[in-house]
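Asks: Questions regarding the structure given below will be posed in turn.
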Amino acid sequence: RAARLDVTERQVVTNLITAIDNNEMIKPSIWIDPISGDDYYLSAQYFEKNINSMEALRDIPVARRVDPSSVYNSSFLPSEIGPSAGEGHEQSVLLRDVATITHAAYPSEADHYNIQRVVDVMVSPRTSDLGGTLDAVRREVSKLAPPRNIKVYYRGSVELMEKTFASFKSGFILAVIVVYLVGVAQGRSWLDPFIFLFSVPMGLIGVAWMLWATNTTVNIESMMGVIVMIGIVISNAILLIDFANARREQGMPLRQSAVEAARIRMRPILMTALATIAGLLPVAMKLESGSAASAPLALTVIGGLSVSTVITLFLVPAVWELFYSWKRPATAPATE
């Protein structure tokens with residue numbers, strides 16, 4: 001039918017899309033304001049109220065009717081194409097002239113991801129707790145029985161979050177291993193680095209307490225705060241152990257060496273912790289504009305240092321004395 005009326009499929013599709021949507025993506029027209037120089041897209045579109053039935057859809061013009069007798073003259077040279085008899089709608093090729101329209105059910109969009117056919121279900125969380133939202137969605141999806149060969153994937157922000165958390169977990173383990181190996185190389189001892197790692201769980205207790213007290217989620221910022229906190233608490237433990245070893249090498253008993261290390265090194269440890277907490281307190285309280293994004297990091301460091309600084313002053317010297325009492329070094333006096 002279209003071939004007899006000298007109408008191409010492109011003409012039909014273009015005019016149909018323009019009628020039911022607009023021509024901005026097909027053939028946009030740009031008008032430049034001669035005064036301001038601003039450019040504007042000019043789009044043609046039918047009023048939605050005018051296409052309110054199947055008959056109105058069939059009456060959409062998709063091409064201009066051509067009089068075949070006027071296409072070629074007697075010398076077989078192209079001449080101007082003139083309209084057929086009639087005016088207005090009678091000059092147009094209507095959609096009913098080249099197509100048959102029936103009711104059918106089809107998806108409005110055909111989405112693909114990595115070439116695979118997918119159906120996207122968008123979820124907009126009400127809160128900033130992306131992990132809680134993911135858990136809730138997974139619980140609801142687990143109640144469904146998907147058809148055969150249908151798989152469920154979670155993409156978007158949750159995919160990035162899970163990859164980031166996995167990277168931070170690997171980074172946390174790597175950081176502990178590196179700290180231990182550096183301690184072994186610097187202190188020439190396998191025992192001392194193992195002792196000052198006992199301060200890390202104490203800091204994690206403070207982190208968990210602070211996040212729970214402030215109703216803060218575990219996110220990228222808070223995990224970065226854990227890394228910062230680990231570095232500070234381990235440096236404090238190193239101060240204690242180094243000082244205790246120095247006193248022990250001078251012939252001081254184990255118990256007295258541990259007590260002296262905690263008493264004398266308490267001042268620099270407290271100064272470091274209090275200075276860090278005071279510097280991060282405005283960020284944690286969200287006093288400055290834009291500080292809300294870094295508040296989890298500040299809260300994590302403050303909570304970890306608040307607990308680990310106090311407990312480390314008692315725990316690390318006690319653990320140090322315990323391990324070295326088992327070791328019974330030859331340089332220790334017999335009164336130990």
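How things are named: the first chain in the structure tokens is A, the next is B, and so on; residues count from 1 in each chain; ligands count from 1 in the order shown.
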Neighbouring residues of Phe314 of chain A were defined as those with any atom within 12 Å, considering only C-alpha atoms; residues of the same chain fewer than 4 positions away were excluded. Please report them as a ChimeraX atom specification.
Replies: /A:198-199,202,237,240,258-263,265-266,307-310,318-321
Asks: Could those selected residues go to a file with all heavy atoms, as a compact mmCIF listing (two decimals), in the first residue's frame?
Replies:
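Final output, result34.txt:
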```txt
# COMPACT_ATOMS: atom_id res chain seq x y z
N PHE A 198 46.53 -5.39 70.12
CA PHE A 198 45.41 -5.55 71.04
C PHE A 198 44.64 -4.24 71.24
O PHE A 198 43.51 -4.25 71.72
CB PHE A 198 45.92 -6.05 72.41
CG PHE A 198 46.07 -7.53 72.48
CD1 PHE A 198 47.25 -8.15 72.06
CD2 PHE A 198 45.04 -8.34 72.95
CE1 PHE A 198 47.39 -9.53 72.12
CE2 PHE A 198 45.17 -9.71 73.01
CZ PHE A 198 46.35 -10.31 72.59
N SER A 199 45.25 -3.11 70.89
CA SER A 199 44.55 -1.83 71.04
C SER A 199 43.50 -1.60 69.96
O SER A 199 42.60 -0.78 70.13
CB SER A 199 45.56 -0.68 71.00
OG SER A 199 46.26 -0.66 69.76
N MET A 202 39.83 -2.48 70.97
CA MET A 202 39.30 -1.49 71.91
C MET A 202 38.77 -0.26 71.16
O MET A 202 37.75 0.31 71.53
CB MET A 202 40.40 -1.07 72.88
CG MET A 202 41.01 -2.22 73.68
SD MET A 202 39.78 -3.15 74.61
CE MET A 202 39.63 -4.63 73.61
N ALA A 237 49.94 2.79 71.32
CA ALA A 237 50.41 1.53 71.91
C ALA A 237 51.91 1.34 71.71
O ALA A 237 52.61 0.81 72.59
CB ALA A 237 49.65 0.37 71.29
N LEU A 240 53.83 3.15 74.39
CA LEU A 240 53.85 2.43 75.66
C LEU A 240 54.84 1.27 75.64
O LEU A 240 55.63 1.08 76.57
CB LEU A 240 52.45 1.91 75.97
CG LEU A 240 51.39 2.95 76.35
CD1 LEU A 240 50.02 2.30 76.41
CD2 LEU A 240 51.72 3.59 77.69
N ALA A 258 55.94 -1.69 83.28
CA ALA A 258 54.63 -1.45 82.70
C ALA A 258 53.95 -0.24 83.34
O ALA A 258 53.35 0.59 82.65
CB ALA A 258 53.77 -2.70 82.86
N VAL A 259 54.05 -0.13 84.66
CA VAL A 259 53.42 1.00 85.35
C VAL A 259 54.09 2.31 84.96
O VAL A 259 53.42 3.33 84.73
CB VAL A 259 53.48 0.77 86.88
CG1 VAL A 259 53.00 2.01 87.61
CG2 VAL A 259 52.65 -0.44 87.27
N GLU A 260 55.42 2.31 84.90
CA GLU A 260 56.14 3.53 84.52
C GLU A 260 55.79 3.95 83.09
O GLU A 260 55.64 5.13 82.80
CB GLU A 260 57.64 3.29 84.65
CG GLU A 260 58.15 3.27 86.07
CD GLU A 260 58.08 4.65 86.72
OE1 GLU A 260 58.48 5.62 86.06
OE2 GLU A 260 57.62 4.75 87.86
N ALA A 261 55.67 2.97 82.20
CA ALA A 261 55.33 3.30 80.80
C ALA A 261 53.95 3.94 80.72
O ALA A 261 53.76 4.94 80.01
CB ALA A 261 55.38 2.04 79.95
N ALA A 262 52.96 3.38 81.45
CA ALA A 262 51.62 3.96 81.42
C ALA A 262 51.59 5.33 82.07
O ALA A 262 50.89 6.25 81.60
CB ALA A 262 50.64 3.01 82.11
N ARG A 263 52.36 5.53 83.15
CA ARG A 263 52.32 6.81 83.87
C ARG A 263 53.01 7.92 83.10
O ARG A 263 52.49 9.03 82.97
CB ARG A 263 52.97 6.63 85.23
CG ARG A 263 52.95 7.89 86.12
CD ARG A 263 53.59 7.62 87.45
NE ARG A 263 55.00 7.29 87.31
CZ ARG A 263 55.98 8.21 87.20
NH1 ARG A 263 55.67 9.51 87.22
NH2 ARG A 263 57.24 7.83 87.09
N ARG A 265 54.02 7.93 79.78
CA ARG A 265 53.54 8.13 78.41
C ARG A 265 52.06 8.51 78.35
O ARG A 265 51.52 8.72 77.27
CB ARG A 265 53.75 6.84 77.60
CG ARG A 265 55.20 6.55 77.28
CD ARG A 265 55.83 7.68 76.52
NE ARG A 265 57.19 7.39 76.11
CZ ARG A 265 58.00 8.24 75.50
NH1 ARG A 265 57.58 9.47 75.28
NH2 ARG A 265 59.22 7.91 75.15
N MET A 266 51.42 8.60 79.48
CA MET A 266 50.01 8.97 79.49
C MET A 266 49.81 10.40 78.96
O MET A 266 48.84 10.68 78.24
CB MET A 266 49.45 8.86 80.90
CG MET A 266 47.97 9.23 81.00
SD MET A 266 47.32 9.01 82.66
CE MET A 266 48.30 10.21 83.57
N VAL A 307 37.38 5.66 73.67
CA VAL A 307 37.40 4.40 74.41
C VAL A 307 38.79 3.78 74.41
O VAL A 307 39.29 3.36 75.47
CB VAL A 307 36.37 3.42 73.79
CG1 VAL A 307 36.47 2.05 74.46
CG2 VAL A 307 34.97 3.98 73.93
N SER A 308 39.45 3.75 73.26
CA SER A 308 40.74 3.06 73.18
C SER A 308 41.82 3.77 73.98
O SER A 308 42.71 3.11 74.54
CB SER A 308 41.17 2.94 71.72
OG SER A 308 41.44 4.23 71.17
N THR A 309 41.78 5.10 74.04
CA THR A 309 42.82 5.82 74.79
C THR A 309 42.80 5.44 76.27
O THR A 309 43.85 5.23 76.89
CB THR A 309 42.63 7.33 74.63
OG1 THR A 309 42.71 7.68 73.25
CG2 THR A 309 43.71 8.09 75.39
N VAL A 310 41.61 5.36 76.83
CA VAL A 310 41.50 5.01 78.25
C VAL A 310 41.84 3.55 78.48
O VAL A 310 42.63 3.21 79.38
CB VAL A 310 40.08 5.33 78.76
CG1 VAL A 310 39.93 4.91 80.22
CG2 VAL A 310 39.78 6.81 78.60
N ALA A 318 49.28 -4.27 80.62
CA ALA A 318 48.96 -5.55 81.26
C ALA A 318 49.27 -6.72 80.34
O ALA A 318 49.83 -7.75 80.76
CB ALA A 318 47.49 -5.55 81.67
N VAL A 319 48.91 -6.59 79.07
CA VAL A 319 49.20 -7.67 78.11
C VAL A 319 50.70 -7.81 77.91
O VAL A 319 51.24 -8.93 77.81
CB VAL A 319 48.48 -7.39 76.78
CG1 VAL A 319 48.90 -8.40 75.71
CG2 VAL A 319 46.97 -7.42 76.96
N TRP A 320 51.39 -6.67 77.86
CA TRP A 320 52.85 -6.71 77.71
C TRP A 320 53.49 -7.46 78.88
O TRP A 320 54.36 -8.32 78.69
CB TRP A 320 53.37 -5.28 77.62
CG TRP A 320 54.86 -5.19 77.52
CD1 TRP A 320 55.63 -5.28 76.41
CD2 TRP A 320 55.77 -4.99 78.62
NE1 TRP A 320 56.96 -5.15 76.70
CE2 TRP A 320 57.08 -4.97 78.07
CE3 TRP A 320 55.62 -4.83 79.98
CZ2 TRP A 320 58.21 -4.80 78.84
CZ3 TRP A 320 56.74 -4.65 80.76
CH2 TRP A 320 58.03 -4.63 80.20
N GLU A 321 53.08 -7.15 80.09
CA GLU A 321 53.63 -7.84 81.26
C GLU A 321 53.28 -9.32 81.23
O GLU A 321 54.12 -10.19 81.57
CB GLU A 321 53.10 -7.20 82.54
CG GLU A 321 53.66 -7.85 83.80
CD GLU A 321 52.97 -7.35 85.06
OE1 GLU A 321 52.10 -6.46 84.94
OE2 GLU A 321 53.29 -7.87 86.15
```
Asks: Determine which residues of segment 94-145 of chain A receive a DSSP assignment of alpha helix (DSSP H), computed from the backbone, and state them as a ChimeraX atom specification.
Replies: /A:95-98,130-142
Asks: Save out the residues we just selected, N, CA, C and O atoms, as a short mmCIF file (atom, residue, chain, number, x, y, z; two decimals), in the first residue's frame.
Replies:
```cif
data_model
loop_
_atom_site.label_atom_id
_atom_site.label_comp_id
_atom_site.auth_asym_id
_atom_site.auth_seq_id
_atom_site.Cartn_x
_atom_site.Cartn_y
_atom_site.Cartn_z
N LEU A 95 -2.75 7.36 8.19
CA LEU A 95 -2.18 6.13 8.72
C LEU A 95 -3.04 4.92 8.35
O LEU A 95 -2.51 3.84 8.10
N ARG A 96 -4.37 5.10 8.26
CA ARG A 96 -5.25 4.01 7.89
C ARG A 96 -5.01 3.54 6.47
O ARG A 96 -5.37 2.41 6.11
N ASP A 97 -4.41 4.41 5.61
CA ASP A 97 -4.17 4.05 4.22
C ASP A 97 -2.98 3.10 4.06
O ASP A 97 -2.87 2.41 3.04
N VAL A 98 -2.09 3.08 5.03
CA VAL A 98 -0.87 2.28 4.87
C VAL A 98 -0.66 1.29 6.02
O VAL A 98 0.32 0.55 6.02
N LEU A 130 21.23 3.10 52.94
CA LEU A 130 21.16 2.33 51.70
C LEU A 130 21.26 0.84 51.99
O LEU A 130 20.61 0.02 51.33
N GLY A 131 22.06 0.46 52.98
CA GLY A 131 22.18 -0.96 53.31
C GLY A 131 20.89 -1.53 53.85
O GLY A 131 20.50 -2.65 53.51
N GLY A 132 20.18 -0.76 54.72
CA GLY A 132 18.90 -1.22 55.24
C GLY A 132 17.86 -1.35 54.15
O GLY A 132 17.04 -2.28 54.15
N THR A 133 17.90 -0.42 53.20
CA THR A 133 16.97 -0.50 52.07
C THR A 133 17.24 -1.75 51.23
O THR A 133 16.32 -2.45 50.80
N LEU A 134 18.51 -2.05 51.01
CA LEU A 134 18.87 -3.24 50.23
C LEU A 134 18.41 -4.51 50.94
O LEU A 134 17.88 -5.43 50.30
N ASP A 135 18.57 -4.56 52.25
CA ASP A 135 18.13 -5.74 53.00
C ASP A 135 16.61 -5.90 52.91
O ASP A 135 16.10 -7.02 52.77
N ALA A 136 15.88 -4.79 53.00
CA ALA A 136 14.42 -4.86 52.91
C ALA A 136 13.98 -5.34 51.52
O ALA A 136 13.06 -6.15 51.39
N VAL A 137 14.64 -4.85 50.48
CA VAL A 137 14.30 -5.28 49.12
C VAL A 137 14.60 -6.75 48.94
O VAL A 137 13.82 -7.50 48.33
N ARG A 138 15.72 -7.22 49.48
CA ARG A 138 16.07 -8.63 49.34
C ARG A 138 15.09 -9.53 50.07
O ARG A 138 14.77 -10.62 49.60
N ARG A 139 14.60 -9.08 51.21
CA ARG A 139 13.60 -9.87 51.93
C ARG A 139 12.32 -10.02 51.12
O ARG A 139 11.72 -11.10 51.07
N GLU A 140 11.89 -8.93 50.49
CA GLU A 140 10.67 -9.00 49.68
C GLU A 140 10.88 -9.85 48.43
O GLU A 140 9.98 -10.59 48.03
N VAL A 141 12.05 -9.73 47.82
CA VAL A 141 12.31 -10.51 46.61
C VAL A 141 12.41 -12.00 46.93
O VAL A 141 12.01 -12.85 46.14
N SER A 142 12.93 -12.33 48.12
CA SER A 142 13.05 -13.74 48.50
C SER A 142 11.70 -14.41 48.66
O SER A 142 11.60 -15.64 48.59
#
```
Asks: Within 12 Å of Thr102 of chain A, counting only C-alpha atoms, which residues show up once you throw out same-chain ones fewer than 6 positions away? Write them as a list in words, please.
Replies: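 Once the nearby chain positions are removed, what remains is Met54, Glu55, Leu57, Arg58 and Arg96 of chain A.
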Asks: Write out as a PyMOL selection string which residues come within 9 Å of Pro268 of chain A when counting only C-alpha atoms, dropping same-chain ones fewer than 4 positions away.
Replies: chain A and resi 236+239+264+272-273
Asks: Do a neighbour search on Met210 of chain A at 9 Å with only C-alpha atoms, toss out local chain neighbours closer than 6 positions, and write the hits as a list of chain:residue names.
Replies: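 Residues near the query, excluding close chain neighbours: A:Thr216, A:Leu299, A:Thr300, A:Ile302, A:Gly303, A:Gly304.
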Asks: Quick one: write out the picked residues with N, CA, C and O atoms as a PDB file, in the first residue's frame?
Replies:
```pdb
ATOM      1  N   THR A 216      24.112   6.577  63.437  1.00  0.00           N
ATOM      2  CA  THR A 216      24.856   6.776  62.199  1.00  0.00           C
ATOM      3  C   THR A 216      25.099   5.419  61.541  1.00  0.00           C
ATOM      4  O   THR A 216      25.429   4.445  62.223  1.00  0.00           O
ATOM      5  N   LEU A 299      32.807  11.224  63.778  1.00  0.00           N
ATOM      6  CA  LEU A 299      32.207  10.466  64.880  1.00  0.00           C
ATOM      7  C   LEU A 299      32.936   9.151  65.117  1.00  0.00           C
ATOM      8  O   LEU A 299      33.124   8.722  66.265  1.00  0.00           O
ATOM      9  N   THR A 300      33.348   8.503  64.050  1.00  0.00           N
ATOM     10  CA  THR A 300      34.063   7.239  64.184  1.00  0.00           C
ATOM     11  C   THR A 300      35.395   7.429  64.898  1.00  0.00           C
ATOM     12  O   THR A 300      35.743   6.679  65.817  1.00  0.00           O
ATOM     13  N   ILE A 302      36.307   9.970  66.852  1.00  0.00           N
ATOM     14  CA  ILE A 302      36.083  10.423  68.232  1.00  0.00           C
ATOM     15  C   ILE A 302      35.680   9.247  69.121  1.00  0.00           C
ATOM     16  O   ILE A 302      36.199   9.076  70.231  1.00  0.00           O
ATOM     17  N   GLY A 303      34.747   8.429  68.668  1.00  0.00           N
ATOM     18  CA  GLY A 303      34.323   7.281  69.466  1.00  0.00           C
ATOM     19  C   GLY A 303      35.443   6.288  69.693  1.00  0.00           C
ATOM     20  O   GLY A 303      35.633   5.783  70.814  1.00  0.00           O
ATOM     21  N   GLY A 304      36.214   5.999  68.641  1.00  0.00           N
ATOM     22  CA  GLY A 304      37.302   5.038  68.788  1.00  0.00           C
ATOM     23  C   GLY A 304      38.396   5.521  69.716  1.00  0.00           C
ATOM     24  O   GLY A 304      38.886   4.767  70.567  1.00  0.00           O
TER      25      GLY A 304
END
```
Asks: What does the distance between atom CA of Ile20 of chain A and atom CA of Ser108 of chain A come to in Å, to one decimal place?
Replies: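 If I compute the distance from atom CA of Ile20 of chain A to atom CA of Ser108 of chain A, I get 13.8 Å.
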